[in-house]
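Asker: The following block contains the structure, expressed as structure tokens.
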Amino acid sequence: MSAHCMLTGARPGFGNRVSHSHRRTSRRFDPNIQTKRYWLPGEGRYVRLRLSAKAVKTVDAIGVEAAVARIRARGVRV
């Protein structure tokens, strides 16, 4: 599965590992993706969301209904 957040759209960043001798090799900075299950009262069912740690805090602040509305506005199927 791809390492991207359904709510914020956070995706891996790319950069270089730099050794002690300053040789550079490619690396990935992956977002902290967590799978969370939320009860969606408007639809009477659970939804399983793949969210970054920052997005989990956002869902706690704005509520799951508003978060799912934002996800659907981005065109992601929930």
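Residues in the structure tokens are named by chain (A, B, ... in the order shown) and by number from 1 within that chain; ligands are numbered from 1 in the order shown.
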Excluding range 51-64 of chain A and residues on its chain fewer than 5 positions from it, collect all residues at most 12 Å away from it, counting only C-alpha atoms, and give them as number ranges by chain.

Answerer: A: 2-12, 30-43, 46, 69-71, 78

Asker: Using DSSP secondary structure from the backbone, list all strand (DSSP E) positions within range 1-77 of chain A, as a PyMOL selection string.

Answerer: chain A and resi 13-18+24-29+33-40+45-52

Asker: For CA of Arg50 in chain A and CA of Arg27 in chain A, quote the distance in Å rounded to one decimal.

Answerer: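 Straight-line distance from CA of Arg50 in chain A to CA of Arg27 in chain A works out to 22.6 Å.
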
Asker: Select from chain A everything DSSP, run on the backbone, classes as alpha helix (DSSP H), then give the selection as a list in words.

Answerer: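 Those residues are Ala53, Lys54, Ala55, Val56, Lys57, Thr58, Val59, Asp60, Ala61, Ile62, Val64, Glu65, Ala66, Ala67, Val68, Ala69, Arg70, Ile71, Arg72 and Ala73 of chain A.
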